[in-house]
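J.: Here it is: the structure, laid out below.
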Amino acid sequence: KLNSRSYWMTYFYINLKLNWKLNVYQNPAFHIFGTEGIHDFYGCTGFNGKLTLPSLEYVKEYAFYGCTGFSGSLEFKFKVNSVDKYAFYGCTGFSGSLNFNQNLDIIKEYALYGCSGFTGTLYLTSYVDEICDYAFAECSGFKKIYAIISFTKIGKYAFANCTGLESELDLKAINEGTFYGCSKIKKVSFFYQVTNISSYSFYGCTSLEKIVFSDKIKHIAEYSFYGCIGLNGTLELPSEIESIGKLAFGETNYNVIIFKTQIIFSVLRIYLPMM
């Protein structure tokens with residue numbers, strides 16, 4: 001037996017599935033208004049036009065999961081504080097750049113996973129403090145990441161296989177596989193806040209040509225820069241380095257290694273799958 005709320009939610013969902021395409025055709029600039037989160041458009045493939053979120057406190061998990069029909073921009077207006085996990089998972093129709101509002105502070109797991117239609121810049125304001133696991137993975141169309149102040153927490157594989165990224169990255173945080181397979185990135189610099197470079201962080205970044213290490217870096221994990229064939233010449237390690245994992249620089253083209261301090265590990269371990 002349905003209570004009144006369940007009845008109206010069921011009615012609303014059915015009508016969305018049946019009639020939404022017609023409604024959006026008449027008003028393609030679709031806006032959602034309210035003061036709380038929304039989460040009831042899972043799999044509504046009939047949406048089209050752009051999506052503007054002007055006054056929500058948050059976008060609930062699975063809110064627009066699999067809504068592949070959207071085309072054009074995704075706009076976050078003032079007051080959106082967080083984008084929950086899977087909120088826009090697989091929304092492949094969005095295009096252009098993506099600009100988050102100044103209230104947004106966290107983008108959760110898989111929030112925009114697979115939104116491959118974006119073709120411009122990802123703008124992150126100074127308020128965005130944390131980007132969680134796989135948040136933008138497989139968003140292959142983004143060309144640049146613009147961050148006013150770099151985020152201080154970043155999840156595993158957050159930008160994995162964003163193959164269009166050409167940005168020069170200035171990072172205050174890194175995690176396992178964060179930029180895995182981002183084959184067009186050319187330069188990465190680490191702020192002093194980074195002390196460990198996690199495994200697979202830049203695995204397969206074949207266009208990477210320059211790394212600027214902070215002297216605060218102590219550990220470079222296994223396979224961190226594996227397959228970065230654009231790295232060549234001299235590898236100058238940070239002065240406080242303590243360990244380098246297996247094949248951290250495997251399949252690169254460095255031919256000279258400079259140690260600023262004495263560390264206990266075999267140089268061969270950088271390249272060879274043994275030890």
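The way I read the labels, and the way they are meant: chains A, B, ... in the order of the structure tokens, residue 1 as the first residue of every chain, and ligand 1 as the first ligand shown, with later ones counted on from there.
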I want to know what sits within 10 Å of stretch 179-193 of chain A, based on only C-alpha atoms, with residues of the same chain fewer than 3 positions away left out; could you give that as a PyMOL selection string?
T.: chain A and resi 137-138+140+143-144+150+152+156-176+196-197+199-217+224-228+230-231
J.: Of the residues A:Lys85, A:Ser97, A:Tyr65, A:Gly117, which is the one nearest to A:Tyr134, using only C-alpha atoms?
T.: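 Looking only at the distances to A:Tyr134, the closest residue turns out to be A:Lys85.
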J.: From the list A:Gly114, A:Ser243, A:Gly155, A:Asn255, which residue is nearest A:Glu130 when using only C-alpha atoms?
T.: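 Nearest to A:Glu130: A:Gly155.
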J.: Would you please work out which residue, of A:Tyr110, A:Tyr42, A:Phe151, A:Phe100, is nearest to A:Lys77 when using only C-alpha atoms?
T.: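 Ranked by minimum distance to A:Lys77, first place goes to A:Phe100.
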J.: Can you tell me, as a PDB file with N, CA and C atoms, in the first residue's frame, what residues are no more than 7 Å from A:Phe118 when counting only C-alpha atoms, ignoring any on the same chain fewer than 2 positions away?
T.:
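Below is the file that was written, part12.pdb:
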```
ATOM      1  N   PHE A  94      26.709  15.907 -21.858  1.00  0.00           N
ATOM      2  CA  PHE A  94      27.162  17.252 -21.502  1.00  0.00           C
ATOM      3  C   PHE A  94      28.370  17.643 -22.350  1.00  0.00           C
ATOM      4  N   SER A  95      28.480  18.934 -22.650  1.00  0.00           N
ATOM      5  CA  SER A  95      29.593  19.395 -23.477  1.00  0.00           C
ATOM      6  C   SER A  95      30.108  20.733 -22.964  1.00  0.00           C
ATOM      7  N   GLY A  96      31.171  21.231 -23.599  1.00  0.00           N
ATOM      8  CA  GLY A  96      31.760  22.496 -23.213  1.00  0.00           C
ATOM      9  C   GLY A  96      32.586  22.386 -21.945  1.00  0.00           C
ATOM     10  N   SER A  97      32.714  23.479 -21.223  1.00  0.00           N
ATOM     11  CA  SER A  97      33.471  23.527 -19.976  1.00  0.00           C
ATOM     12  C   SER A  97      32.544  23.273 -18.793  1.00  0.00           C
ATOM     13  N   CYS A 115      31.640  11.069 -17.914  1.00  0.00           N
ATOM     14  CA  CYS A 115      31.010  12.190 -18.630  1.00  0.00           C
ATOM     15  C   CYS A 115      31.973  12.654 -19.721  1.00  0.00           C
ATOM     16  N   SER A 116      32.019  11.888 -20.752  1.00  0.00           N
ATOM     17  CA  SER A 116      33.063  12.045 -21.766  1.00  0.00           C
ATOM     18  C   SER A 116      32.794  13.155 -22.770  1.00  0.00           C
ATOM     19  N   GLY A 120      35.926  21.226 -22.848  1.00  0.00           N
ATOM     20  CA  GLY A 120      36.651  22.440 -22.500  1.00  0.00           C
ATOM     21  C   GLY A 120      37.462  22.313 -21.230  1.00  0.00           C
ATOM     22  N   GLY A 141      37.159  14.115 -22.437  1.00  0.00           N
ATOM     23  CA  GLY A 141      37.127  15.315 -23.265  1.00  0.00           C
ATOM     24  C   GLY A 141      37.726  16.565 -22.657  1.00  0.00           C
ATOM     25  N   PHE A 142      37.839  16.628 -21.331  1.00  0.00           N
ATOM     26  CA  PHE A 142      38.405  17.826 -20.702  1.00  0.00           C
ATOM     27  C   PHE A 142      39.805  18.109 -21.237  1.00  0.00           C
TER      28      PHE A 142
END
```
J.: Please run DSSP on the backbone and report, as a list in words, all residues within stretch 156-243 of chain A that come out as strand (DSSP E or B).
T.: Glu168, Leu169, Asp170, Leu171, Lys187, Val188, Ser189, Phe190, Asn196, Ile197, Lys210, Ile211, Val212, His219, Ile220, Asn232, Gly233, Thr234, Leu235, Glu236 and Ser243 of chain A
J.: List every residue of stretch 43-270 of chain A that DSSP, applied to the backbone of this structure, places in helix (DSSP H, G or I), and write the result as a ChimeraX atom specification.
T.: /A:267-270
J.: Given the choices A:Leu112, A:Leu51, A:Ala248, A:Ala147, which gets closest to A:Tyr127 if the distance is worked out from only C-alpha atoms?
T.: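 Comparing A:Leu112, A:Leu51, A:Ala248, A:Ala147 against A:Tyr127, the winner is A:Ala147.
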J.: To one decimal place, how far is atom CA of A:Ile244 from atom CA of A:His219 in Å?
T.: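 A separation of 5.9 Å between them.
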